[in-house]
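In what follows, a structure is listed as C-alpha coordinates, so that the remarks can point back to it.
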Amino acid sequence: MSRQRILNHIAFPVLVIAAAFSLYWVWGLLFLWWLAPAIRSGHAHFVFDVNRVEDPVLFWAVVTLWALFGAMMVAASLFPQYAAWLV
(Lines give C-alpha, C1' and ligand atoms only; values in the text may rest on other atoms or scores of the structure.)
Protein backbone atom coordinates (compact mmCIF):
# COMPACT_ATOMS: atom_id res chain seq x y z
CA MET A 1 0.00 0.00 0.00
CA SER A 2 1.38 3.41 -0.94
CA ARG A 3 2.13 6.11 1.61
CA GLN A 4 -0.62 8.38 0.22
CA ARG A 5 -3.18 5.61 0.46
CA ILE A 6 -2.21 4.87 4.07
CA LEU A 7 -2.54 8.56 4.95
CA ASN A 8 -5.99 8.65 3.35
CA HIS A 9 -7.05 5.66 5.44
CA ILE A 10 -5.78 7.38 8.59
CA ALA A 11 -7.25 10.79 7.72
CA PHE A 12 -10.79 9.51 7.16
CA PRO A 13 -11.52 8.34 10.74
CA VAL A 14 -9.61 11.33 12.14
CA LEU A 15 -11.91 13.69 10.22
CA VAL A 16 -15.01 11.79 11.29
CA ILE A 17 -13.93 12.00 14.93
CA ALA A 18 -13.06 15.70 14.51
CA ALA A 19 -16.54 16.37 13.15
CA ALA A 20 -18.20 14.38 15.95
CA PHE A 21 -16.30 16.32 18.63
CA SER A 22 -16.52 19.75 16.92
CA LEU A 23 -12.76 19.99 16.44
CA TYR A 24 -12.96 22.48 13.62
CA TRP A 25 -9.25 23.24 13.66
CA VAL A 26 -8.61 19.78 12.17
CA TRP A 27 -10.86 20.64 9.23
CA GLY A 28 -9.19 24.05 8.99
CA LEU A 29 -5.78 22.41 8.66
CA LEU A 30 -7.18 20.15 5.96
CA PHE A 31 -8.42 23.15 3.98
CA LEU A 32 -5.00 24.78 4.31
CA TRP A 33 -3.32 21.49 3.33
CA TRP A 34 -5.27 21.52 0.05
CA LEU A 35 -3.87 24.93 -0.94
CA ALA A 36 -0.29 24.01 -1.80
CA PRO A 37 -1.00 21.16 -4.24
CA ALA A 38 -3.83 23.09 -5.87
CA ILE A 39 -1.69 26.17 -6.48
CA ARG A 40 1.29 24.08 -7.66
CA SER A 41 -0.72 21.92 -10.06
CA GLY A 42 -3.22 24.52 -11.21
CA HIS A 43 -6.09 22.10 -10.49
CA ALA A 44 -8.61 22.37 -7.69
CA HIS A 45 -11.33 19.84 -6.98
CA PHE A 46 -14.61 21.59 -6.30
CA VAL A 47 -17.75 19.83 -7.51
CA PHE A 48 -15.71 18.87 -10.56
CA ASP A 49 -12.11 19.61 -11.50
CA VAL A 50 -11.38 23.33 -11.88
CA ASN A 51 -8.40 24.17 -14.07
CA ARG A 52 -6.47 27.42 -13.52
CA VAL A 53 -5.76 27.82 -17.25
CA GLU A 54 -9.34 27.21 -18.40
CA ASP A 55 -11.20 29.02 -15.62
CA PRO A 56 -8.81 31.24 -13.64
CA VAL A 57 -11.51 33.24 -11.84
CA LEU A 58 -13.26 30.17 -10.45
CA PHE A 59 -9.94 28.48 -9.63
CA TRP A 60 -8.71 31.43 -7.55
CA ALA A 61 -12.15 31.83 -5.95
CA VAL A 62 -12.06 28.19 -4.80
CA VAL A 63 -8.48 28.47 -3.55
CA THR A 64 -9.29 31.72 -1.73
CA LEU A 65 -12.37 30.13 -0.18
CA TRP A 66 -10.29 27.19 1.07
CA ALA A 67 -7.75 29.60 2.56
CA LEU A 68 -10.44 31.64 4.31
CA PHE A 69 -12.29 28.58 5.61
CA GLY A 70 -9.06 27.06 6.85
CA ALA A 71 -7.89 30.21 8.59
CA MET A 72 -11.34 30.85 10.11
CA MET A 73 -11.64 27.32 11.50
CA VAL A 74 -8.17 27.35 13.02
CA ALA A 75 -8.71 30.87 14.41
CA ALA A 76 -12.11 29.93 15.87
CA SER A 77 -10.46 27.07 17.75
CA LEU A 78 -7.53 29.16 18.96
CA PHE A 79 -9.65 32.18 19.92
CA PRO A 80 -13.07 30.86 20.96
CA GLN A 81 -14.08 34.23 22.41
CA TYR A 82 -14.10 35.60 18.82
CA ALA A 83 -15.63 32.51 17.21
CA ALA A 84 -18.99 34.22 16.66
CA TRP A 85 -17.27 36.68 14.29
CA LEU A 86 -15.08 34.07 12.64
CA VAL A 87 -17.61 31.37 11.84
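For the C-alpha coordinates, the naming scheme is as follows: chains receive sequential letters (A, B, ...) according to their order of presentation, residues are indexed from 1 within each chain, and ligands are indexed from 1 in presentation order.
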| Shell of 12 Å around segment 73-84 of chain A, only C-alpha atoms, local chain residues under 6 positions omitted, as a list in words | Ser22, Leu23, Tyr24, Trp25, Val26, Trp27, Gly28, Leu29, Leu30, Phe31, Leu32, Trp66 and Ala67 of chain A
Using only C-alpha atoms, which residues of segment 55-77 of chain A come within 8 Å of segment 40-44 of chain A, and what is the closest atom pair for each, with the distance in Å to one decimal? Give it as a Markdown table, sorted by chain and residue number.
```
| residue | atom | partner | partner_atom | distance |
| --- | --- | --- | --- | --- |
| A:Phe59 | CA | A:Ala44 | CA | 6.6 |
| A:Val62 | CA | A:Ala44 | CA | 7.4 |
| A:Val63 | CA | A:Ala44 | CA | 7.4 |
```
| request: Identify, with DSSP run on backbone atoms, the residues in chain A assigned to strand (DSSP E), and express the list as a ChimeraX atom specification. | output: /A:43-45,49-51
| task | Using DSSP on the backbone, list every residue of chain A that comes out as helix (DSSP H, G or I), and give them as number ranges by chain. | result | A: 3-20, 24-41, 56-78, 80-86
| query | So what do you get for atom CA of His45 of chain A versus atom CA of Leu58 of chain A, distance-wise? | reply |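 Those two atoms sit 11.1 Å apart.
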| field | Distance of atom CA of Thr64 of chain A from atom CA of Trp33 of chain A, expressed in Å to one decimal place | value | 12.9 Å
